[in-house]
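**Q** Can you read through this structure? Questions will come right after.
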There are 2 protein chains.
Amino acid sequence: MSIMDACRLTATQAAAQIREGKLTCEELVRSCLERIQSRDAVVRAWLHVDPELALRQARELDKSPPRGVLHGLPIGVKDVIDTVDLPTTQNSAIYPDLRVGRDAACVAIARGRGALILGKTDTVEFASSGRKALSRNPHNPEHTPGGSSSGSGAAVADFMVPLAFGTQTGGSLVRPAAFNGIYGIKPTWNRVSREGVRMSAISLDTVGWYGRSVSDLELMAEALGIAAESSAELSVQKLRVGVCRSPVWSEIEPAGAAALEQSARRLEEAGAQVEELALPSLFDGLPEAQTVIAAREGGISFLPEYVNAHALLSADLRAKVENADKISNDALLRAYALADACRPIFDRLFGDSLDVILTPAAPGEAPRGLHTTGSAVFNRMWTLLHVPCVAIPAGRGAGGLPVGVQLVGPRMTDARLLAIARVLAPVIDPGAA
Amino acid sequence: MSIMDACRLTATQAAAQIREGKLTCEELVRSCLERIQSRDAVVRAWLHVDPELALRQARELDKSPPRGVLHGLPIGVKDVIDTVDLPTTQNSAIYPDLRVGRDAACVAIARGRGALILGKTDTVEFASSGRKALSRNPHNPEHTPGGSSSGSGAAVADFMVPLAFGTQTGGSLVRPAAFNGIYGIKPTWNRVSREGVRMSAISLDTVGWYGRSVSDLELMAEALGIAAESSAELSVQKLRVGVCRSPVWSEIEPAGAAALEQSARRLEEAGAQVEELALPSLFDGLPEAQTVIAAREGGISFLPEYVNAHALLSADLRAKVENADKISNDALLRAYALADACRPIFDRLFGDSLDVILTPAAPGEAPRGLHTTGSAVFNRMWTLLHVPCVAIPAGRGAGGLPVGVQLVGPRMTDARLLAIARVLAPVIDPGAA
């Protein structure tokens, strides 16, 4: 294998080759850097890459005994996540070169397990709203890669890095996975510490990550303390899949509907027990409740910049601080109460008659243009429910761009959801390695 | 007034004198520094003070037009809260001189309103458990000032600084207020951004602050975006006070019981409508639920140090990461569900027949010795309910040390609770200015 090709390995493949002495971390990093060099003028996934620093760290890792499951793997980090050795600009005019003297929790753990931070990826301002990333969809640069984890999604899809961290407050992780044709997990809320990740809405913000296979997602999960579950007991034939069109089905586009239907049909043909699942009508209010909470909690999160750098904070975020939508305290507490009521009801859906939910990851293909990152309407309710979501590629739409679906499970069953995804992904995404 | 006495002014008094040109920020800071110089060898409230930096900033503030309601006021900051210009050690052996390069949200906002960060105050390791602060109770240095906001409570009580930030996950803010004979507020959860505050348990951790009067608490509240409410409509005679012995009354000590009874009697004699309030039996499980959540969320928060600095993390915190108490996911989700169910029930108690709850702030006086910071048993349920709590001094116990009570209101009514406290505090604490 030439160095040119190393960047195309999945994280799991690369880790194995490094472990077996067939590939060095330096070779892998050089391959990723070359890929970035050749492609990032178009894709613009990255805000900060320091090739010399990365190569120095790679050589150190090559000399070091194995530190953990991520040993030698370069990873991308969304630029709302603190890194001790690279700037954290948050795509904000307020922090053009902020140097934080500490890694975010997820970065510190990944480094402790042997990962190398290759660089910081572009994001919507503060992973909230305002300035969009400059990143483009690697499948068609005229289209958005989604957001707010725009650069992380595009970088993994474009073979610039095998793994990358993102975050999700509405649909910022799962939607870019779908638009870029890659795998992603938004774990259970607070299953992974969000310390050192820019706060947008505390009860929604969730750290997640991208890879090019379910195994890659599991590799990072294991590093972060989510031990892999055996799939020995699992088989497609034994799994009961609930197809959930969700309360926002009216927002689906033809490509999204086709992806869901094709995925369900493939699973059924492979022997899974597939049934339509309608959520209780109580759940109909969840997407709106997520909007209420994101707005009011955002008003809390952006007050420091509002006070200290008013003119440099984008108008969208100033409006949150000013509670321009005049969302009352009662409305906020009602939104919390609805989510609180729905969460245990949702968890109890699973058990004797249901193993996993299959539902759209996004309305359809990535929209054209960079003025939008697409709609989070098919993600907001799951984020608010705090439940784990795994995005799986599910073919392409009429525009030639990827479309995705997601698997959803009850809270705190992240490892089991990944094990289920390991079994179902080859059926949903038969083109995958 | 001599400079020696400036440090004894409340924040409200000092802010007025600075505004009126009767006191400079430099004079106030010099007075506080002299107080620290003369007393901190005994009290040990501070981990880091940089007198030259403080005086330089004071002179700049004296030259600057008024920046906000805190203009010229020195404040103390618990050392789990990030500051751009001073270390943030978190009383951890892992971070003996950590420079974060960025202010926590509450610090950034306070600076934006004209505050001066006088220094960092001692804390229990990561405001969780493990290493205790070296701080002593200024009323009797053989006793603890409480914890984990040990240094902030002691510093405000000992006239070293008029205002200080603390945090509460169990009882870390209200208990030291009681033990030190000062005022404190733990606001509604996430009413103030906790960004840049070391994470211990995300759904419990709350930024709060200390002062030597209710007005001082309101001054900081206003700075942080909690606009003061008029108390024109409020009078002791119109207020309906529910005396709540709480589900953990069996843990009360004679001093704590006497303080609660004396406070209730004084309020009744002053014309308030005082009645016993028994919470629904559903609430009996809240203190234990808080313990479950603090343990499991702590296990998430301390994983980075567990991975990267295992031997330097205290055994208590390693045990949390290892889930040594074997708390199941189901137990965690049950604890969340109980809190979720109780919160709206609690909020609805208020209205036609109840304005505020009066309940113990701690079991009694500060225990002897520095090996303990006292018990959070009278605080844990309120922290878990996310409700605002205002600590008010309520005399002294048989040991000669202060005892406190707290007022509690429904979520998101922080400003109203402070307005109520402004009316009731002179009755409960008639010795106050």
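Convention: chains lettered A, B, ... in structure tokens order; per-chain residue numbering from 1; ligands numbered from 1 as shown.
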Counting only C-alpha atoms, what is within 10 Å of Ala315 in chain A, bar same-chain residues fewer than 6 positions away, as a list in words?

**A**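 Once the adjacent positions are removed, what remains is Ser129, Gly130, Arg131 and Val321 of chain A.
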
**Q** Any chance you could tabulate, as a Markdown table, the residues of chain A at most 9 Å from chain B with each one's nearest atom pair and distance in Å to one decimal, using only C-alpha atoms, in chain and rising number order?

**A**
```
| residue | atom | partner | partner_atom | distance |
| --- | --- | --- | --- | --- |
| A:Leu98 | CA | B:Gly101 | CA | 8.1 |
| A:Arg99 | CA | B:Gly101 | CA | 6.5 |
| A:Val100 | CA | B:Gly101 | CA | 5.2 |
| A:Gly101 | CA | B:Val100 | CA | 4.5 |
| A:Arg102 | CA | B:Val100 | CA | 6.2 |
| A:Ala104 | CA | B:Pro304 | CA | 8.8 |
| A:Ala105 | CA | B:Pro304 | CA | 5.6 |
| A:Cys106 | CA | B:Pro304 | CA | 7.5 |
| A:Val107 | CA | B:Pro304 | CA | 8.6 |
| A:Ala108 | CA | B:Pro304 | CA | 5.8 |
| A:Ile109 | CA | B:Pro304 | CA | 5.1 |
| A:Ala110 | CA | B:Pro304 | CA | 8.8 |
| A:Arg111 | CA | B:Asn308 | CA | 8.7 |
| A:Gly112 | CA | B:Asn308 | CA | 5.7 |
| A:Arg113 | CA | B:Val307 | CA | 7.9 |
| A:Asn190 | CA | B:Ile300 | CA | 7.5 |
| A:Arg191 | CA | B:Ile300 | CA | 6.9 |
| A:Val192 | CA | B:Ile300 | CA | 6.4 |
| A:Ser193 | CA | B:Ser301 | CA | 5.6 |
| A:Arg194 | CA | B:Ser301 | CA | 8.4 |
| A:Glu195 | CA | B:Met199 | CA | 6.5 |
| A:Gly196 | CA | B:Gly196 | CA | 7.5 |
| A:Val197 | CA | B:Glu195 | CA | 8.9 |
| A:Arg198 | CA | B:Glu195 | CA | 7.7 |
| A:Met199 | CA | B:Glu195 | CA | 6.5 |
| A:Ile202 | CA | B:Asn190 | CA | 7.9 |
| A:Ser203 | CA | B:Ser203 | CA | 8.2 |
| A:Leu224 | CA | B:Leu303 | CA | 8.3 |
| A:Gly225 | CA | B:Leu303 | CA | 8.1 |
| A:Glu297 | CA | B:Asn190 | CA | 7.8 |
| A:Ile300 | CA | B:Ser193 | CA | 5.7 |
| A:Ser301 | CA | B:Ser193 | CA | 5.6 |
| A:Phe302 | CA | B:Ser193 | CA | 8.6 |
| A:Leu303 | CA | B:Ile109 | CA | 7.3 |
| A:Pro304 | CA | B:Ile109 | CA | 5.1 |
| A:Glu305 | CA | B:Ile109 | CA | 8.3 |
| A:Tyr306 | CA | B:Ile109 | CA | 8.9 |
| A:Val307 | CA | B:Gly112 | CA | 6.1 |
| A:Asn308 | CA | B:Gly112 | CA | 5.7 |
| A:Asn329 | CA | B:Met412 | CA | 6.7 |
| A:Asp330 | CA | B:Met412 | CA | 8.9 |
| A:Leu333 | CA | B:Pro344 | CA | 8.1 |
| A:Arg334 | CA | B:Pro344 | CA | 8.9 |
| A:Tyr336 | CA | B:Asp340 | CA | 8.7 |
| A:Ala337 | CA | B:Asp340 | CA | 7.3 |
| A:Asp340 | CA | B:Asp340 | CA | 5.7 |
| A:Ala341 | CA | B:Asp340 | CA | 7.7 |
| A:Arg343 | CA | B:Ala337 | CA | 8.6 |
| A:Pro344 | CA | B:Ala337 | CA | 7.3 |
| A:Arg411 | CA | B:Leu333 | CA | 8.4 |
| A:Met412 | CA | B:Asn329 | CA | 6.7 |
| A:Thr413 | CA | B:Asn329 | CA | 8.9 |
```

**Q** Store the residues picked out above in a file with N, CA and C atoms, as a compact mmCIF listing (two decimals), in the first residue's frame.

**A**
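Output (again.txt):
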```
# COMPACT_ATOMS: atom_id res chain seq x y z
N LEU A 98 -7.84 32.08 19.88
CA LEU A 98 -7.88 31.73 21.30
C LEU A 98 -7.06 30.48 21.58
N ARG A 99 -6.17 30.59 22.53
CA ARG A 99 -5.38 29.44 22.96
C ARG A 99 -5.84 29.06 24.35
N VAL A 100 -6.45 27.91 24.48
CA VAL A 100 -6.91 27.42 25.77
C VAL A 100 -5.84 26.47 26.29
N GLY A 101 -5.45 26.64 27.51
CA GLY A 101 -4.33 25.87 28.05
C GLY A 101 -4.70 24.48 28.53
N ARG A 102 -5.68 23.91 27.91
CA ARG A 102 -6.20 22.63 28.42
C ARG A 102 -7.01 21.95 27.32
N ALA A 104 -10.16 19.71 26.04
CA ALA A 104 -11.49 19.26 26.45
C ALA A 104 -11.40 17.81 26.92
N ALA A 105 -12.38 17.39 27.71
CA ALA A 105 -12.36 16.05 28.28
C ALA A 105 -12.23 14.98 27.19
N CYS A 106 -13.03 15.09 26.13
CA CYS A 106 -13.00 14.04 25.09
C CYS A 106 -11.65 14.00 24.41
N VAL A 107 -11.04 15.16 24.22
CA VAL A 107 -9.72 15.21 23.58
C VAL A 107 -8.66 14.63 24.51
N ALA A 108 -8.74 14.97 25.79
CA ALA A 108 -7.77 14.47 26.76
C ALA A 108 -7.83 12.94 26.84
N ILE A 109 -9.04 12.40 26.83
CA ILE A 109 -9.19 10.95 26.91
C ILE A 109 -8.65 10.30 25.64
N ALA A 110 -9.02 10.87 24.48
CA ALA A 110 -8.54 10.30 23.22
C ALA A 110 -7.02 10.32 23.15
N ARG A 111 -6.41 11.44 23.56
CA ARG A 111 -4.94 11.49 23.56
C ARG A 111 -4.38 10.43 24.52
N GLY A 112 -5.03 10.30 25.67
CA GLY A 112 -4.56 9.31 26.64
C GLY A 112 -4.62 7.90 26.09
N ARG A 113 -5.50 7.67 25.14
CA ARG A 113 -5.62 6.35 24.51
C ARG A 113 -4.79 6.25 23.24
N ASN A 190 -24.54 13.36 28.01
CA ASN A 190 -23.59 13.24 29.12
C ASN A 190 -23.04 11.83 29.29
N ARG A 191 -23.17 10.97 28.28
CA ARG A 191 -22.47 9.67 28.38
C ARG A 191 -20.97 9.89 28.25
N VAL A 192 -20.62 10.96 27.51
CA VAL A 192 -19.23 11.41 27.38
C VAL A 192 -19.18 12.83 27.93
N SER A 193 -18.19 13.12 28.73
CA SER A 193 -18.11 14.46 29.33
C SER A 193 -18.03 15.53 28.25
N ARG A 194 -18.81 16.58 28.39
CA ARG A 194 -18.76 17.69 27.46
C ARG A 194 -17.91 18.83 28.00
N GLU A 195 -17.14 18.56 29.05
CA GLU A 195 -16.28 19.62 29.59
C GLU A 195 -15.28 20.09 28.53
N GLY A 196 -15.14 21.41 28.42
CA GLY A 196 -14.22 21.96 27.44
C GLY A 196 -14.81 22.06 26.05
N VAL A 197 -16.09 21.80 25.92
CA VAL A 197 -16.81 21.98 24.66
C VAL A 197 -17.67 23.22 24.82
N ARG A 198 -17.54 24.15 23.91
CA ARG A 198 -18.29 25.39 24.00
C ARG A 198 -19.76 25.11 24.30
N MET A 199 -20.28 25.79 25.31
CA MET A 199 -21.65 25.55 25.69
C MET A 199 -22.59 26.34 24.79
N ILE A 202 -27.08 23.68 27.49
CA ILE A 202 -26.46 22.67 28.37
C ILE A 202 -27.23 21.37 28.41
N SER A 203 -28.55 21.43 28.36
CA SER A 203 -29.29 20.17 28.51
C SER A 203 -29.49 19.46 27.18
N LEU A 224 -13.51 6.04 24.97
CA LEU A 224 -14.20 7.00 25.84
C LEU A 224 -14.94 6.31 26.98
N GLY A 225 -14.71 5.02 27.16
CA GLY A 225 -15.26 4.33 28.33
C GLY A 225 -16.58 3.63 28.08
N GLU A 297 -31.70 28.43 26.75
CA GLU A 297 -30.39 28.06 27.30
C GLU A 297 -29.27 28.76 26.53
N ILE A 300 -28.52 32.08 28.00
CA ILE A 300 -27.62 31.99 29.16
C ILE A 300 -26.17 31.84 28.69
N SER A 301 -25.96 30.99 27.69
CA SER A 301 -24.60 30.63 27.27
C SER A 301 -23.85 31.79 26.62
N PHE A 302 -24.56 32.67 25.93
CA PHE A 302 -23.87 33.70 25.15
C PHE A 302 -23.85 35.06 25.84
N LEU A 303 -24.30 35.11 27.08
CA LEU A 303 -24.26 36.39 27.82
C LEU A 303 -22.83 36.93 27.98
N PRO A 304 -21.81 36.08 28.24
CA PRO A 304 -20.46 36.66 28.36
C PRO A 304 -20.04 37.44 27.12
N GLU A 305 -20.28 36.89 25.94
CA GLU A 305 -19.91 37.59 24.72
C GLU A 305 -20.81 38.80 24.49
N TYR A 306 -22.05 38.68 24.88
CA TYR A 306 -22.98 39.80 24.72
C TYR A 306 -22.50 41.00 25.54
N VAL A 307 -22.01 40.72 26.74
CA VAL A 307 -21.53 41.79 27.62
C VAL A 307 -20.19 42.35 27.13
N ASN A 308 -19.30 41.47 26.70
CA ASN A 308 -17.91 41.88 26.48
C ASN A 308 -17.53 42.12 25.03
N ASN A 329 -40.65 32.04 31.09
CA ASN A 329 -40.13 31.01 31.98
C ASN A 329 -41.07 29.81 32.02
N ASP A 330 -42.37 30.09 32.03
CA ASP A 330 -43.33 28.98 32.06
C ASP A 330 -43.20 28.11 30.82
N LEU A 333 -40.18 25.93 31.30
CA LEU A 333 -40.41 24.85 32.25
C LEU A 333 -41.37 23.81 31.67
N ARG A 334 -42.31 24.25 30.86
CA ARG A 334 -43.19 23.28 30.20
C ARG A 334 -42.41 22.41 29.22
N TYR A 336 -39.22 21.63 29.44
CA TYR A 336 -38.49 20.65 30.27
C TYR A 336 -39.41 19.52 30.72
N ALA A 337 -40.60 19.90 31.18
CA ALA A 337 -41.52 18.90 31.73
C ALA A 337 -41.95 17.90 30.66
N ASP A 340 -39.05 15.60 30.12
CA ASP A 340 -38.91 14.74 31.31
C ASP A 340 -39.96 13.63 31.29
N ALA A 341 -41.17 13.98 30.84
CA ALA A 341 -42.25 12.98 30.81
C ALA A 341 -42.02 11.95 29.71
N ARG A 343 -39.12 10.98 28.24
CA ARG A 343 -37.91 10.15 28.26
C ARG A 343 -38.15 8.74 28.81
N PRO A 344 -38.74 8.60 30.01
CA PRO A 344 -38.94 7.22 30.48
C PRO A 344 -39.97 6.46 29.65
N ARG A 411 -31.95 5.43 26.41
CA ARG A 411 -30.81 6.06 27.08
C ARG A 411 -29.86 5.03 27.71
N MET A 412 -28.59 5.35 27.69
CA MET A 412 -27.55 4.57 28.37
C MET A 412 -27.30 3.20 27.75
N THR A 413 -27.85 2.96 26.56
CA THR A 413 -27.58 1.68 25.90
C THR A 413 -26.72 1.90 24.66
```

**Q** Write out as a ChimeraX atom specification all residues of range 265-321 of chain A that backbone DSSP assigns to helix (DSSP H, G or I).

**A** /A:265-269,281-301,303-308,310-312,315-321

**Q** The selected residues should be written to file as a PDB file, in the first residue's frame (atoms: C-alpha atoms).

**A**
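The result, written out as part-v1.pdb:
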```pdb
ATOM      1  CA  ARG A 265     -37.328  -3.301   3.084  1.00  0.00           C
ATOM      2  CA  ARG A 266     -33.729  -4.524   3.061  1.00  0.00           C
ATOM      3  CA  LEU A 267     -33.923  -5.309   6.769  1.00  0.00           C
ATOM      4  CA  GLU A 268     -37.175  -7.141   6.315  1.00  0.00           C
ATOM      5  CA  GLU A 269     -35.784  -9.105   3.383  1.00  0.00           C
ATOM      6  CA  SER A 281     -49.092  11.743  20.663  1.00  0.00           C
ATOM      7  CA  LEU A 282     -47.440  13.309  23.718  1.00  0.00           C
ATOM      8  CA  PHE A 283     -44.226  13.220  21.688  1.00  0.00           C
ATOM      9  CA  ASP A 284     -45.638  15.549  19.023  1.00  0.00           C
ATOM     10  CA  GLY A 285     -44.505  18.558  21.053  1.00  0.00           C
ATOM     11  CA  LEU A 286     -40.875  17.502  21.361  1.00  0.00           C
ATOM     12  CA  PRO A 287     -39.417  19.230  18.285  1.00  0.00           C
ATOM     13  CA  GLU A 288     -40.888  22.553  19.392  1.00  0.00           C
ATOM     14  CA  ALA A 289     -39.791  21.963  23.006  1.00  0.00           C
ATOM     15  CA  GLN A 290     -36.234  21.458  21.762  1.00  0.00           C
ATOM     16  CA  THR A 291     -36.405  24.824  20.019  1.00  0.00           C
ATOM     17  CA  VAL A 292     -37.624  26.531  23.189  1.00  0.00           C
ATOM     18  CA  ILE A 293     -34.871  25.009  25.325  1.00  0.00           C
ATOM     19  CA  ALA A 294     -32.136  25.720  22.773  1.00  0.00           C
ATOM     20  CA  ALA A 295     -33.219  29.361  22.578  1.00  0.00           C
ATOM     21  CA  ARG A 296     -33.474  30.044  26.311  1.00  0.00           C
ATOM     22  CA  GLU A 297     -30.385  28.057  27.297  1.00  0.00           C
ATOM     23  CA  GLY A 298     -28.502  29.744  24.473  1.00  0.00           C
ATOM     24  CA  GLY A 299     -29.461  33.074  26.012  1.00  0.00           C
ATOM     25  CA  ILE A 300     -27.624  31.988  29.161  1.00  0.00           C
ATOM     26  CA  SER A 301     -24.599  30.635  27.269  1.00  0.00           C
ATOM     27  CA  LEU A 303     -24.256  36.388  27.816  1.00  0.00           C
ATOM     28  CA  PRO A 304     -20.458  36.659  28.362  1.00  0.00           C
ATOM     29  CA  GLU A 305     -19.907  37.591  24.718  1.00  0.00           C
ATOM     30  CA  TYR A 306     -22.983  39.799  24.724  1.00  0.00           C
ATOM     31  CA  VAL A 307     -21.529  41.794  27.617  1.00  0.00           C
ATOM     32  CA  ASN A 308     -17.914  41.881  26.480  1.00  0.00           C
ATOM     33  CA  HIS A 310     -21.421  42.781  21.683  1.00  0.00           C
ATOM     34  CA  ALA A 311     -20.721  43.920  18.130  1.00  0.00           C
ATOM     35  CA  LEU A 312     -18.730  40.800  17.288  1.00  0.00           C
ATOM     36  CA  ALA A 315     -27.205  38.932  15.507  1.00  0.00           C
ATOM     37  CA  ASP A 316     -28.795  35.478  15.900  1.00  0.00           C
ATOM     38  CA  LEU A 317     -26.971  34.972  19.176  1.00  0.00           C
ATOM     39  CA  ARG A 318     -27.633  38.476  20.464  1.00  0.00           C
ATOM     40  CA  ALA A 319     -31.305  37.768  19.828  1.00  0.00           C
ATOM     41  CA  LYS A 320     -31.061  34.666  22.015  1.00  0.00           C
ATOM     42  CA  VAL A 321     -29.558  36.655  24.874  1.00  0.00           C
TER      43      VAL A 321
END
```

**Q** Looking only at strand (DSSP E) from DSSP on the backbone, list the matching residues of range 172-391 of chain A as a PDB file with N, CA and C atoms, in the first residue's frame.

**A**
```
ATOM      1  N   TYR A 183     -20.635   7.396   8.797  1.00  0.00           N
ATOM      2  CA  TYR A 183     -21.225   6.930  10.048  1.00  0.00           C
ATOM      3  C   TYR A 183     -20.979   7.964  11.149  1.00  0.00           C
ATOM      4  N   GLY A 184     -21.918   8.040  12.075  1.00  0.00           N
ATOM      5  CA  GLY A 184     -21.735   8.963  13.199  1.00  0.00           C
ATOM      6  C   GLY A 184     -22.556   8.502  14.384  1.00  0.00           C
ATOM      7  N   ILE A 185     -22.101   8.829  15.564  1.00  0.00           N
ATOM      8  CA  ILE A 185     -22.906   8.553  16.762  1.00  0.00           C
ATOM      9  C   ILE A 185     -23.047   9.805  17.602  1.00  0.00           C
ATOM     10  N   LYS A 186     -24.275  10.087  17.979  1.00  0.00           N
ATOM     11  CA  LYS A 186     -24.571  11.039  19.041  1.00  0.00           C
ATOM     12  C   LYS A 186     -24.971  10.170  20.226  1.00  0.00           C
ATOM     13  N   THR A 206     -24.308  17.625  23.061  1.00  0.00           N
ATOM     14  CA  THR A 206     -23.781  16.267  23.232  1.00  0.00           C
ATOM     15  C   THR A 206     -22.572  16.077  22.337  1.00  0.00           C
ATOM     16  N   VAL A 207     -21.489  15.543  22.898  1.00  0.00           N
ATOM     17  CA  VAL A 207     -20.298  15.215  22.113  1.00  0.00           C
ATOM     18  C   VAL A 207     -20.531  13.904  21.367  1.00  0.00           C
ATOM     19  N   GLY A 208     -20.201  13.887  20.096  1.00  0.00           N
ATOM     20  CA  GLY A 208     -20.295  12.655  19.320  1.00  0.00           C
ATOM     21  C   GLY A 208     -19.117  12.566  18.373  1.00  0.00           C
ATOM     22  N   TRP A 209     -19.134  11.569  17.486  1.00  0.00           N
ATOM     23  CA  TRP A 209     -18.000  11.412  16.589  1.00  0.00           C
ATOM     24  C   TRP A 209     -18.415  10.700  15.303  1.00  0.00           C
ATOM     25  N   TYR A 210     -17.548  10.889  14.300  1.00  0.00           N
ATOM     26  CA  TYR A 210     -17.743  10.322  12.970  1.00  0.00           C
ATOM     27  C   TYR A 210     -16.679   9.278  12.678  1.00  0.00           C
ATOM     28  N   GLY A 211     -17.041   8.297  11.852  1.00  0.00           N
ATOM     29  CA  GLY A 211     -16.087   7.335  11.324  1.00  0.00           C
ATOM     30  C   GLY A 211     -16.623   6.830   9.993  1.00  0.00           C
ATOM     31  N   ARG A 240     -35.811  -6.828  16.330  1.00  0.00           N
ATOM     32  CA  ARG A 240     -37.115  -6.216  16.090  1.00  0.00           C
ATOM     33  C   ARG A 240     -36.913  -4.728  15.868  1.00  0.00           C
ATOM     34  N   VAL A 241     -37.196  -4.281  14.686  1.00  0.00           N
ATOM     35  CA  VAL A 241     -36.907  -2.910  14.251  1.00  0.00           C
ATOM     36  C   VAL A 241     -38.216  -2.140  14.121  1.00  0.00           C
ATOM     37  N   GLY A 242     -38.320  -1.027  14.806  1.00  0.00           N
ATOM     38  CA  GLY A 242     -39.496  -0.172  14.674  1.00  0.00           C
ATOM     39  C   GLY A 242     -39.201   0.959  13.707  1.00  0.00           C
ATOM     40  N   VAL A 243     -39.930   1.007  12.626  1.00  0.00           N
ATOM     41  CA  VAL A 243     -39.733   2.091  11.653  1.00  0.00           C
ATOM     42  C   VAL A 243     -40.578   3.278  12.106  1.00  0.00           C
ATOM     43  N   GLN A 273     -37.416  -8.410  12.054  1.00  0.00           N
ATOM     44  CA  GLN A 273     -38.841  -8.203  12.302  1.00  0.00           C
ATOM     45  C   GLN A 273     -39.109  -6.703  12.271  1.00  0.00           C
ATOM     46  N   VAL A 274     -39.599  -6.242  11.162  1.00  0.00           N
ATOM     47  CA  VAL A 274     -39.753  -4.801  10.930  1.00  0.00           C
ATOM     48  C   VAL A 274     -41.221  -4.411  11.070  1.00  0.00           C
ATOM     49  N   GLU A 275     -41.485  -3.455  11.908  1.00  0.00           N
ATOM     50  CA  GLU A 275     -42.866  -2.969  12.046  1.00  0.00           C
ATOM     51  C   GLU A 275     -42.891  -1.459  12.132  1.00  0.00           C
ATOM     52  N   GLU A 276     -43.965  -0.897  11.678  1.00  0.00           N
ATOM     53  CA  GLU A 276     -44.161   0.550  11.843  1.00  0.00           C
ATOM     54  C   GLU A 276     -44.310   0.863  13.328  1.00  0.00           C
ATOM     55  N   VAL A 356     -34.771  -1.708  18.392  1.00  0.00           N
ATOM     56  CA  VAL A 356     -34.157  -0.491  17.872  1.00  0.00           C
ATOM     57  C   VAL A 356     -35.156   0.225  16.970  1.00  0.00           C
ATOM     58  N   ILE A 357     -34.997   1.530  16.885  1.00  0.00           N
ATOM     59  CA  ILE A 357     -35.834   2.339  16.006  1.00  0.00           C
ATOM     60  C   ILE A 357     -35.020   2.738  14.780  1.00  0.00           C
ATOM     61  N   LEU A 358     -35.664   2.671  13.637  1.00  0.00           N
ATOM     62  CA  LEU A 358     -35.086   3.151  12.367  1.00  0.00           C
ATOM     63  C   LEU A 358     -35.866   4.380  11.954  1.00  0.00           C
ATOM     64  N   THR A 359     -35.174   5.477  11.712  1.00  0.00           N
ATOM     65  CA  THR A 359     -35.863   6.753  11.457  1.00  0.00           C
ATOM     66  C   THR A 359     -34.960   7.626  10.582  1.00  0.00           C
ATOM     67  N   PRO A 360     -35.510   8.613   9.889  1.00  0.00           N
ATOM     68  CA  PRO A 360     -34.654   9.422   9.004  1.00  0.00           C
ATOM     69  C   PRO A 360     -33.556  10.162   9.777  1.00  0.00           C
ATOM     70  N   CYS A 389     -28.075   7.889  19.102  1.00  0.00           N
ATOM     71  CA  CYS A 389     -28.464   7.829  17.694  1.00  0.00           C
ATOM     72  C   CYS A 389     -27.226   7.463  16.879  1.00  0.00           C
ATOM     73  N   VAL A 390     -27.349   6.487  16.012  1.00  0.00           N
ATOM     74  CA  VAL A 390     -26.250   6.123  15.115  1.00  0.00           C
ATOM     75  C   VAL A 390     -26.702   6.358  13.678  1.00  0.00           C
ATOM     76  N   ALA A 391     -25.963   7.213  12.984  1.00  0.00           N
ATOM     77  CA  ALA A 391     -26.273   7.510  11.583  1.00  0.00           C
ATOM     78  C   ALA A 391     -25.599   6.489  10.681  1.00  0.00           C
TER      79      ALA A 391
END
```

**Q** When you draw a straight line from CA of Phe126 in chain B to CA of Val49 in chain B, how long is it in Å?

**A** 19.3 Å

**Q** If you count only C-alpha atoms, which residues fall within 7 Å of range 145-150 of chain B, apart from same-chain ones fewer than 4 positions away, as a PyMOL selection string?

**A** chain B and resi 78+122-124+127+133+135-137+154+166-167+172-173+175-176+179-180+366+373-374

**Q** If you count only C-alpha atoms, which residues fall within 12 Å of Asp429 in chain B, apart from same-chain ones fewer than 4 positions away, as an NGL selection string?

**A** :B and (181-183 or 212-214 or 259-260 or 262-264 or 266-267 or 391-396 or 402-406 or 421-425 or 433)

**Q** Taking only C-alpha atoms into account, which of A:Leu219, A:Ala228, A:Ile75, A:Ala54 comes nearest Ala16 in chain A?

**A** A:Leu219

**Q** Please list as a ChimeraX atom specification every residue within 6 Å of range 138-143 of chain A, counting only C-alpha atoms and excluding residues in the same chain fewer than 3 positions away.

**A** /A:43,158,367-369

**Q** In Å, with one decimal, what is the gap from CA of Ser152 in chain A to CA of Ala177 in chain A?

**A** 9.2 Å

**Q** Hey, which of B:Ala257, B:Ala270, B:Val236, B:Ala93 ends up closest to Glu125 in chain B? Count only C-alpha atoms.

**A** B:Ala93
